[in-house]
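Here the structure is laid out as structure tokens; the discussion comes afterwards.
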Amino acid sequence: MTKNNSPQDWPEPIVRVQSLSERSIDSIPDRYIKPLSDRPSSAVLDDDTNIPIIDLAGLSGDPEARASTLSQISEACNEWGFFQIVNHGVSPQLMDMARETWRQFFHMPLEEKQQYANSPKTYEGYGSRLGIEKGAILDWSDYYFLHYLPLSLKDCNKWPSQPPSCREVCDEYGREVAKLCGRLMKVLSINLGLEEEVLERGFGGEDVGACMRVNYYPKCPRPELTLGLSSHSDPGGMTLLLSDDQVPGLQVRKAHNWITVKPLPHAFIVNIGDQIQVLSNGNYKSVEHRVVVNSNKERVSLAFFYNPKSNIPIEPVKELVKADKPALYTAMTFDEYRLFIRLRGPCGKSHVESLKSPR
Ligand code: OGA
Ligand code: NI
């Protein structure tokens, strides 16, 4: 399927989860009730385990500190595919402002937000579902999706005009976080044994993509029956998540368990997406994650996606394809690839698995 025949509209009327949440009744519609095996109680490791925390200050320190930071990141990519970074260079005030501005957006009256309602064609704007399968079981969240890069897709008029600072804050946030992603891409490239530019070049060099999904998880009267976001791996290259500073909810799959991330204030949660799994020829793997909701607190998170240029074939970089390690994945453009999740919604790692080269 190509971009040109992607669907124009949703298969059924969109229901804002926030409006369900505001009814203050103690049940949820059947459409949000997950099958037993997907509910939040399954296999949660409820202890102090957390994803690795890495101080990026070492990257600009002496050679020894830098080497040690690189090796911590390498281990985190190998063992977890998920880690938190602190001293990353993005201002804490900007991070708070970005999250709180978006919280205000979601607190505005429904009519105000409706003018930005999105469609499955581009996903840009205010949305309440992923995927277009009629009758699908839905997630307990609303979101706002927007593009930063390439510049040809960036259109601030599609961003909320209210609250008044929204466009400006969003713009600055995107610039800073994209810069940080560029730094991390170099680190990952070096850690894979490549020249520092190779991974970014595999993404299309100057023409990389970047977009953001602001997730709004309203309070839920029956959190044990549903999920804020179903299990998925991120389809793009790399994700930098700014979590709610007050409310946990993100869970990461580690073997057969789910681990709840304990977010540090002003940290970014970094994770490897499917496109880096492909480019790295499986040396790094994207990791499944999901979001649980709760009955007494809403949660707001900002997921920043750093992606390859969307119309070039993405395949394992040639330096990582060897006689004893043939290319594990067949080439696909990111435009084509992201149709999987846009049509079917989140489904674990099934999308990237389907790219495996026939043996
Ligand atoms: C996402 C995501 C996690 C969160 O938007 O892809 O995984 O905590 N978000 O909101
Ligand atoms: Ni995700």
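A note on labels: chains of the structure tokens are A, B, ... as shown, every chain counts residues from 1, and ligands are counted from 1 in their shown order.
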
(message) as a ChimeraX atom specification, please: every protein or nucleic acid residue near ligand 2 (cut-off 12 Å, counting only C-alpha atoms and all ligand atoms).
(response) /A:82,212-215,228-243,250-253,269-274,286-291,301-305,341,345-349

Can I get the selected residues back with N, CA and C atoms, as a CSV table (one decimal), in the first residue's frame?
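What landed in result-v1.csv:
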chain,number,residue,atom,x,y,z
A,82,PHE,N,16.3,0.8,26.4
A,82,PHE,CA,15.5,1.9,27.1
A,82,PHE,C,16.4,2.4,28.2
A,212,MET,N,6.2,14.8,16.9
A,212,MET,CA,6.0,14.6,18.4
A,212,MET,C,4.5,14.1,18.6
A,213,ARG,N,4.4,13.2,19.5
A,213,ARG,CA,3.0,12.9,20.0
A,213,ARG,C,2.9,13.3,21.4
A,214,VAL,N,2.0,14.2,21.7
A,214,VAL,CA,1.7,14.5,23.1
A,214,VAL,C,0.6,13.6,23.5
A,215,ASN,N,0.8,12.8,24.6
A,215,ASN,CA,-0.2,11.9,25.0
A,215,ASN,C,-0.9,12.4,26.2
A,228,GLY,N,-3.6,2.7,28.7
A,228,GLY,CA,-3.5,4.0,28.1
A,228,GLY,C,-2.9,3.9,26.7
A,229,LEU,N,-2.0,3.0,26.5
A,229,LEU,CA,-1.4,2.8,25.2
A,229,LEU,C,-1.0,1.3,25.2
A,230,SER,N,-1.5,0.6,24.2
A,230,SER,CA,-1.2,-0.9,24.1
A,230,SER,C,0.2,-1.1,23.8
A,231,SER,N,0.6,-2.3,24.1
A,231,SER,CA,2.0,-2.7,23.8
A,231,SER,C,2.4,-2.5,22.4
A,232,HIS,N,3.6,-1.8,22.2
A,232,HIS,CA,4.1,-1.5,20.9
A,232,HIS,C,5.6,-1.3,20.9
A,233,SER,N,6.3,-1.4,19.8
A,233,SER,CA,7.6,-0.8,19.7
A,233,SER,C,7.4,0.4,18.9
A,234,ASP,N,8.3,1.4,19.0
A,234,ASP,CA,8.1,2.7,18.3
A,234,ASP,C,8.6,2.4,16.8
A,235,PRO,N,7.8,2.8,15.9
A,235,PRO,CA,8.1,2.4,14.5
A,235,PRO,C,9.3,3.2,13.9
A,236,GLY,N,9.6,4.4,14.5
A,236,GLY,CA,10.7,5.3,14.0
A,236,GLY,C,12.1,4.9,14.4
A,237,GLY,N,13.0,5.9,14.4
A,237,GLY,CA,14.4,5.6,14.7
A,237,GLY,C,14.6,5.6,16.2
A,238,MET,N,14.4,6.7,16.9
A,238,MET,CA,14.7,6.8,18.3
A,238,MET,C,13.7,7.7,18.9
A,239,THR,N,13.3,7.4,20.1
A,239,THR,CA,12.3,8.3,20.8
A,239,THR,C,12.8,8.9,22.1
A,240,LEU,N,12.6,10.2,22.3
A,240,LEU,CA,12.9,10.8,23.6
A,240,LEU,C,11.6,11.2,24.2
A,241,LEU,N,11.3,10.6,25.3
A,241,LEU,CA,10.1,10.8,26.0
A,241,LEU,C,10.3,11.7,27.2
A,242,LEU,N,9.4,12.7,27.3
A,242,LEU,CA,9.4,13.5,28.5
A,242,LEU,C,8.1,13.0,29.3
A,243,SER,N,8.3,12.3,30.4
A,243,SER,CA,7.2,11.8,31.1
A,243,SER,C,6.6,12.8,32.0
A,250,LEU,N,4.4,4.4,32.4
A,250,LEU,CA,5.1,3.7,31.3
A,250,LEU,C,5.7,2.4,31.8
A,251,GLN,N,5.4,1.3,31.1
A,251,GLN,CA,6.0,0.0,31.4
A,251,GLN,C,6.8,-0.6,30.2
A,252,VAL,N,8.0,-1.1,30.5
A,252,VAL,CA,8.9,-1.6,29.5
A,252,VAL,C,9.0,-3.2,29.6
A,253,ARG,N,8.9,-3.8,28.5
A,253,ARG,CA,9.0,-5.3,28.6
A,253,ARG,C,10.5,-5.7,28.8
A,269,ILE,N,13.5,9.9,28.7
A,269,ILE,CA,13.6,8.5,28.6
A,269,ILE,C,13.8,8.2,27.1
A,270,VAL,N,14.9,7.5,26.8
A,270,VAL,CA,15.4,7.3,25.4
A,270,VAL,C,15.0,5.8,25.1
A,271,ASN,N,14.5,5.6,23.9
A,271,ASN,CA,14.4,4.2,23.5
A,271,ASN,C,14.6,4.0,22.0
A,272,ILE,N,15.1,2.9,21.7
A,272,ILE,CA,15.5,2.5,20.3
A,272,ILE,C,14.2,2.1,19.6
A,273,GLY,N,14.0,2.6,18.4
A,273,GLY,CA,12.9,2.3,17.6
A,273,GLY,C,13.2,1.2,16.5
A,274,ASP,N,12.2,0.8,15.8
A,274,ASP,CA,12.3,-0.3,14.8
A,274,ASP,C,13.4,0.1,13.7
A,286,SER,N,14.6,-2.7,19.1
A,286,SER,CA,13.5,-1.9,19.7
A,286,SER,C,12.8,-2.8,20.8
A,287,VAL,N,12.2,-2.1,21.7
A,287,VAL,CA,11.7,-2.9,22.9
A,287,VAL,C,10.2,-2.5,23.1
A,288,GLU,N,9.4,-3.5,23.4
A,288,GLU,CA,8.0,-3.3,23.6
A,288,GLU,C,7.7,-2.5,24.9
A,289,HIS,N,6.8,-1.6,24.8
A,289,HIS,CA,6.4,-0.9,26.0
A,289,HIS,C,4.9,-0.5,25.9
A,290,ARG,N,4.3,-0.2,27.0
A,290,ARG,CA,2.9,0.1,27.1
A,290,ARG,C,2.7,1.1,28.2
A,291,VAL,N,1.4,1.6,28.3
A,291,VAL,CA,1.2,2.6,29.4
A,291,VAL,C,-0.1,2.2,30.1
A,301,SER,N,2.4,13.1,28.7
A,301,SER,CA,3.8,12.8,28.3
A,301,SER,C,4.0,13.4,26.9
A,302,LEU,N,5.2,13.7,26.6
A,302,LEU,CA,5.6,14.2,25.2
A,302,LEU,C,6.6,13.2,24.6
A,303,ALA,N,6.2,12.6,23.6
A,303,ALA,CA,7.0,11.6,22.9
A,303,ALA,C,7.6,12.2,21.6
A,304,PHE,N,8.9,12.4,21.6
A,304,PHE,CA,9.6,13.0,20.4
A,304,PHE,C,10.2,11.9,19.6
A,305,PHE,N,9.8,11.8,18.3
A,305,PHE,CA,10.3,10.7,17.5
A,305,PHE,C,11.3,11.2,16.4
A,341,ILE,N,1.4,0.6,11.6
A,341,ILE,CA,0.8,1.1,12.8
A,341,ILE,C,-0.4,2.0,12.6
A,345,GLY,N,-2.9,-0.1,14.2
A,345,GLY,CA,-2.8,0.3,15.6
A,345,GLY,C,-1.6,-0.4,16.2
A,346,PRO,N,-1.4,-0.2,17.5
A,346,PRO,CA,-0.2,-0.8,18.2
A,346,PRO,C,-0.4,-2.3,18.3
A,347,CYS,N,0.6,-3.1,17.8
A,347,CYS,CA,0.6,-4.5,18.0
A,347,CYS,C,1.9,-5.1,18.3
A,348,GLY,N,2.4,-4.8,19.5
A,348,GLY,CA,3.7,-5.4,20.0
A,348,GLY,C,4.8,-5.1,19.0
A,349,LYS,N,5.6,-6.2,18.7
A,349,LYS,CA,6.7,-6.0,17.7
A,349,LYS,C,6.4,-6.7,16.4

(request) Can you pull out every residue within 10 Å of Lys309 (chain A), counting only C-alpha atoms, but drop anything in the same chain fewer than 2 positions away, and send it as a PyMOL selection string? (result) chain A and resi 149-150+201-210+306-307+311-314+333-335

(request) Please run DSSP on the backbone and report, as a ChimeraX atom specification, all residues within region 56-280 of chain A that come out as alpha helix (DSSP H). (result) /A:63-79,92-107,110-114,166-191,198-202,274-279

(message) I need the residues of region 132-272 of chain A that end up classed as strand (DSSP E) by DSSP on the backbone, written out as a VMD selection string.
(response) chain A and resid 142 to 149 209 to 217 229 to 232 238 to 242 250 to 254 257 to 260 268 to 272

Selected residues written out with N, CA and C atoms, as a CSV table (one decimal), in the first residue's frame:
chain,number,residue,atom,x,y,z
A,142,ASP,N,-6.1,10.3,24.7
A,142,ASP,CA,-6.2,11.2,23.5
A,142,ASP,C,-4.7,11.7,23.2
A,143,TYR,N,-4.5,12.3,22.1
A,143,TYR,CA,-3.2,12.8,21.8
A,143,TYR,C,-3.2,13.9,20.8
A,144,TYR,N,-2.0,14.5,20.6
A,144,TYR,CA,-1.8,15.5,19.6
A,144,TYR,C,-0.6,15.2,18.9
A,145,PHE,N,-0.7,15.1,17.6
A,145,PHE,CA,0.5,14.7,16.8
A,145,PHE,C,0.9,15.8,15.8
A,146,LEU,N,2.2,16.1,15.8
A,146,LEU,CA,2.7,17.2,14.9
A,146,LEU,C,4.1,16.9,14.3
A,147,HIS,N,4.4,17.6,13.2
A,147,HIS,CA,5.7,17.4,12.5
A,147,HIS,C,6.6,18.6,12.8
A,148,TYR,N,7.9,18.3,13.0
A,148,TYR,CA,9.0,19.3,13.1
A,148,TYR,C,9.8,19.3,11.8
A,149,LEU,N,10.2,18.1,11.4
A,149,LEU,CA,11.1,17.9,10.3
A,149,LEU,C,10.6,16.8,9.4
A,209,GLY,N,13.6,13.0,9.7
A,209,GLY,CA,12.2,13.4,10.1
A,209,GLY,C,12.2,13.6,11.6
A,210,ALA,N,11.3,14.4,12.1
A,210,ALA,CA,11.1,14.5,13.5
A,210,ALA,C,9.6,14.9,13.8
A,211,CYS,N,9.0,14.2,14.7
A,211,CYS,CA,7.6,14.5,15.0
A,211,CYS,C,7.3,14.3,16.5
A,212,MET,N,6.2,14.8,16.9
A,212,MET,CA,6.0,14.6,18.4
A,212,MET,C,4.5,14.1,18.6
A,213,ARG,N,4.4,13.2,19.5
A,213,ARG,CA,3.0,12.9,20.0
A,213,ARG,C,2.9,13.3,21.4
A,214,VAL,N,2.0,14.2,21.7
A,214,VAL,CA,1.7,14.5,23.1
A,214,VAL,C,0.6,13.6,23.5
A,215,ASN,N,0.8,12.8,24.6
A,215,ASN,CA,-0.2,11.9,25.0
A,215,ASN,C,-0.9,12.4,26.2
A,216,TYR,N,-2.2,12.3,26.2
A,216,TYR,CA,-3.0,12.7,27.3
A,216,TYR,C,-3.8,11.5,27.8
A,217,TYR,N,-3.5,11.1,29.0
A,217,TYR,CA,-4.2,9.9,29.6
A,217,TYR,C,-5.1,10.4,30.7
A,229,LEU,N,-2.0,3.0,26.5
A,229,LEU,CA,-1.4,2.8,25.2
A,229,LEU,C,-1.0,1.3,25.2
A,230,SER,N,-1.5,0.6,24.2
A,230,SER,CA,-1.2,-0.9,24.1
A,230,SER,C,0.2,-1.1,23.8
A,231,SER,N,0.6,-2.3,24.1
A,231,SER,CA,2.0,-2.7,23.8
A,231,SER,C,2.4,-2.5,22.4
A,232,HIS,N,3.6,-1.8,22.2
A,232,HIS,CA,4.1,-1.5,20.9
A,232,HIS,C,5.6,-1.3,20.9
A,238,MET,N,14.4,6.7,16.9
A,238,MET,CA,14.7,6.8,18.3
A,238,MET,C,13.7,7.7,18.9
A,239,THR,N,13.3,7.4,20.1
A,239,THR,CA,12.3,8.3,20.8
A,239,THR,C,12.8,8.9,22.1
A,240,LEU,N,12.6,10.2,22.3
A,240,LEU,CA,12.9,10.8,23.6
A,240,LEU,C,11.6,11.2,24.2
A,241,LEU,N,11.3,10.6,25.3
A,241,LEU,CA,10.1,10.8,26.0
A,241,LEU,C,10.3,11.7,27.2
A,242,LEU,N,9.4,12.7,27.3
A,242,LEU,CA,9.4,13.5,28.5
A,242,LEU,C,8.1,13.0,29.3
A,250,LEU,N,4.4,4.4,32.4
A,250,LEU,CA,5.1,3.7,31.3
A,250,LEU,C,5.7,2.4,31.8
A,251,GLN,N,5.4,1.3,31.1
A,251,GLN,CA,6.0,0.0,31.4
A,251,GLN,C,6.8,-0.6,30.2
A,252,VAL,N,8.0,-1.1,30.5
A,252,VAL,CA,8.9,-1.6,29.5
A,252,VAL,C,9.0,-3.2,29.6
A,253,ARG,N,8.9,-3.8,28.5
A,253,ARG,CA,9.0,-5.3,28.6
A,253,ARG,C,10.5,-5.7,28.8
A,254,LYS,N,10.7,-6.6,29.8
A,254,LYS,CA,12.0,-7.2,30.0
A,254,LYS,C,11.8,-8.6,30.1
A,257,ASN,N,8.5,-10.1,31.7
A,257,ASN,CA,7.9,-9.2,32.7
A,257,ASN,C,7.7,-7.8,32.2
A,258,TRP,N,6.9,-7.0,32.9
A,258,TRP,CA,6.7,-5.6,32.6
A,258,TRP,C,7.3,-4.8,33.8
A,259,ILE,N,8.2,-3.9,33.5
A,259,ILE,CA,8.9,-3.1,34.5
A,259,ILE,C,8.3,-1.7,34.4
A,260,THR,N,7.9,-1.1,35.5
A,260,THR,CA,7.4,0.2,35.6
A,260,THR,C,8.5,1.2,35.7
A,268,PHE,N,15.1,12.7,30.2
A,268,PHE,CA,14.4,12.1,29.1
A,268,PHE,C,14.6,10.6,29.1
A,269,ILE,N,13.5,9.9,28.7
A,269,ILE,CA,13.6,8.5,28.6
A,269,ILE,C,13.8,8.2,27.1
A,270,VAL,N,14.9,7.5,26.8
A,270,VAL,CA,15.4,7.3,25.4
A,270,VAL,C,15.0,5.8,25.1
A,271,ASN,N,14.5,5.6,23.9
A,271,ASN,CA,14.4,4.2,23.5
A,271,ASN,C,14.6,4.0,22.0
A,272,ILE,N,15.1,2.9,21.7
A,272,ILE,CA,15.5,2.5,20.3
A,272,ILE,C,14.2,2.1,19.6

(message) Set the distance at 9 Å and use only C-alpha atoms: which residues neighbour region 187-195 of chain A once local chain neighbours fewer than 2 positions away are removed? I'd like the list as a VMD selection string.
(response) chain A and resid 70 to 71 73 to 74 77 182 to 185 197 to 200 280 283 to 284 319 to 320

(message) Please determine, counting only C-alpha atoms and all ligand atoms, which residue among A:Ile28, A:Ala331, A:Met97, A:Val293 has the shortest atom-to-atom distance to ligand 1.
(response) A:Val293

Could you give me, as a PDB file with C-alpha atoms, in the first residue's frame, the residues within 10 Å of Leu110 (chain A), counting only C-alpha atoms and dropping anything in the same chain fewer than 3 positions from it?
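Result written to around_5.pdb:
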ATOM      1  CA  ARG A  16     -12.727  11.702  23.084  1.00  0.00           C
ATOM      2  CA  GLN A  18     -11.396  12.797  28.060  1.00  0.00           C
ATOM      3  CA  SER A  19     -15.166  13.154  27.637  1.00  0.00           C
ATOM      4  CA  PHE A 105      -4.199  22.639  25.878  1.00  0.00           C
ATOM      5  CA  PHE A 106      -5.919  19.443  26.937  1.00  0.00           C
ATOM      6  CA  HIS A 107      -7.747  21.303  29.692  1.00  0.00           C
ATOM      7  CA  LYS A 113      -9.633  21.347  20.521  1.00  0.00           C
ATOM      8  CA  GLN A 114     -12.031  19.895  17.945  1.00  0.00           C
ATOM      9  CA  GLN A 115     -10.919  22.412  15.302  1.00  0.00           C
TER      10      GLN A 115
END

(message) Nearest residue to Gly174 (chain A) out of A:Ile132, A:Ala98, A:Leu227, A:Ile137, using only C-alpha atoms?
(response)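 Under the stated criterion, the closest residue is A:Ala98.
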
(message) Which residue is closest to ligand 1? Choose from A:Asp171, A:Asp324, A:Glu315, A:Glu298 and count only C-alpha atoms and all ligand atoms.
(response) A:Glu298

(message) Please compute the CA of Pro223 (chain A)-CA of Trp140 (chain A) distance, one decimal, in Å.
(response)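 Separating CA of Pro223 (chain A) from CA of Trp140 (chain A) is a distance of 9.0 Å.
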
(message) Ranking A:Val352, A:Ala327, A:Ala65, A:Val300 by minimum distance to ligand 1 and counting only C-alpha atoms and all ligand atoms, which one comes first?
(response)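 Closest residue, counting only C-alpha atoms and all ligand atoms: A:Val300.
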
(message) From the options A:Ser141, A:Ser161, A:Gln8, A:Asn294, which residue's atoms come nearest to ligand 1, counting only C-alpha atoms and all ligand atoms?
(response) A:Ser141

(request) Could you tell me how far CA of Glu224 (chain A) lies from CA of Pro40 (chain A), in Å and to one decimal? (result)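 Straight-line distance from CA of Glu224 (chain A) to CA of Pro40 (chain A) works out to 5.9 Å.
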
(message) Counting only C-alpha atoms, which residue out of A:His256, A:Lys322, A:Arg299, A:Arg99 sits closest to Val44 (chain A)?
(response) A:His256

Which residues are close to Leu138 (chain A), i.e. within 7 Å by only C-alpha atoms, leaving aside same-chain residues fewer than 5 positions away? Reply as a PDB file with N, CA and C atoms, in the first residue's frame.
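Below you can see out37.pdb, which holds the result:
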ATOM      1  N   ARG A  31     -15.624  -1.059  24.552  1.00  0.00           N
ATOM      2  CA  ARG A  31     -14.602  -0.803  23.542  1.00  0.00           C
ATOM      3  C   ARG A  31     -13.209  -0.618  24.124  1.00  0.00           C
ATOM      4  N   TYR A  32     -13.134  -0.316  25.428  1.00  0.00           N
ATOM      5  CA  TYR A  32     -11.837  -0.054  26.066  1.00  0.00           C
ATOM      6  C   TYR A  32     -11.391  -1.208  26.955  1.00  0.00           C
ATOM      7  N   ARG A 129      -7.386   7.827  18.479  1.00  0.00           N
ATOM      8  CA  ARG A 129      -7.122   6.417  18.205  1.00  0.00           C
ATOM      9  C   ARG A 129      -5.985   6.302  17.199  1.00  0.00           C
TER      10      ARG A 129
END

(request) Could you jot down the CA of Asp139 (chain A) to CA of Thr226 (chain A) separation for me, Å, one decimal place? (result)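 The value is 7.1 Å.
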
(message) Residues within 10 Å of Leu355 (chain A), please, as a list of chain:residue names. Count only C-alpha atoms; anything in the same chain fewer than 2 positions from it doesn't count.
(response) A:Val278, A:Glu315, A:Leu328, A:Tyr329, A:Thr330, A:Ala331, A:Met332, A:Tyr337, A:Ser350, A:His351, A:Val352, A:Glu353, A:Ser357, A:Pro358

(message) Neighbouring residues of Asn50 (chain A) were defined as those with any atom within 9 Å, considering only C-alpha atoms; residues of the same chain fewer than 3 positions away were excluded. Please report them as a list in words.
(response)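 In the requested format, the answer is Asp47, Ile53, Phe83, Ile259, Thr260, Val261, Lys262 and Pro263 of chain A.
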
What does the file look like for those residues with N, CA and C atoms, as a CSV table (one decimal), in the first residue's frame?
chain,number,residue,atom,x,y,z
A,47,ASP,N,9.0,-4.2,41.8
A,47,ASP,CA,10.0,-3.9,42.8
A,47,ASP,C,10.7,-2.7,42.5
A,53,ILE,N,20.0,4.7,34.4
A,53,ILE,CA,20.1,6.1,34.4
A,53,ILE,C,21.5,6.6,34.0
A,83,PHE,N,16.6,3.7,28.3
A,83,PHE,CA,17.3,4.3,29.4
A,83,PHE,C,16.9,5.7,29.7
A,259,ILE,N,8.2,-3.9,33.5
A,259,ILE,CA,8.9,-3.1,34.5
A,259,ILE,C,8.3,-1.7,34.4
A,260,THR,N,7.9,-1.1,35.5
A,260,THR,CA,7.4,0.2,35.6
A,260,THR,C,8.5,1.2,35.7
A,261,VAL,N,8.6,2.1,34.7
A,261,VAL,CA,9.7,3.1,34.7
A,261,VAL,C,9.4,4.2,35.8
A,262,LYS,N,10.4,4.4,36.6
A,262,LYS,CA,10.3,5.5,37.6
A,262,LYS,C,11.0,6.7,37.1
A,263,PRO,N,10.2,7.7,36.5
A,263,PRO,CA,10.9,8.8,35.8
A,263,PRO,C,11.6,9.7,36.8
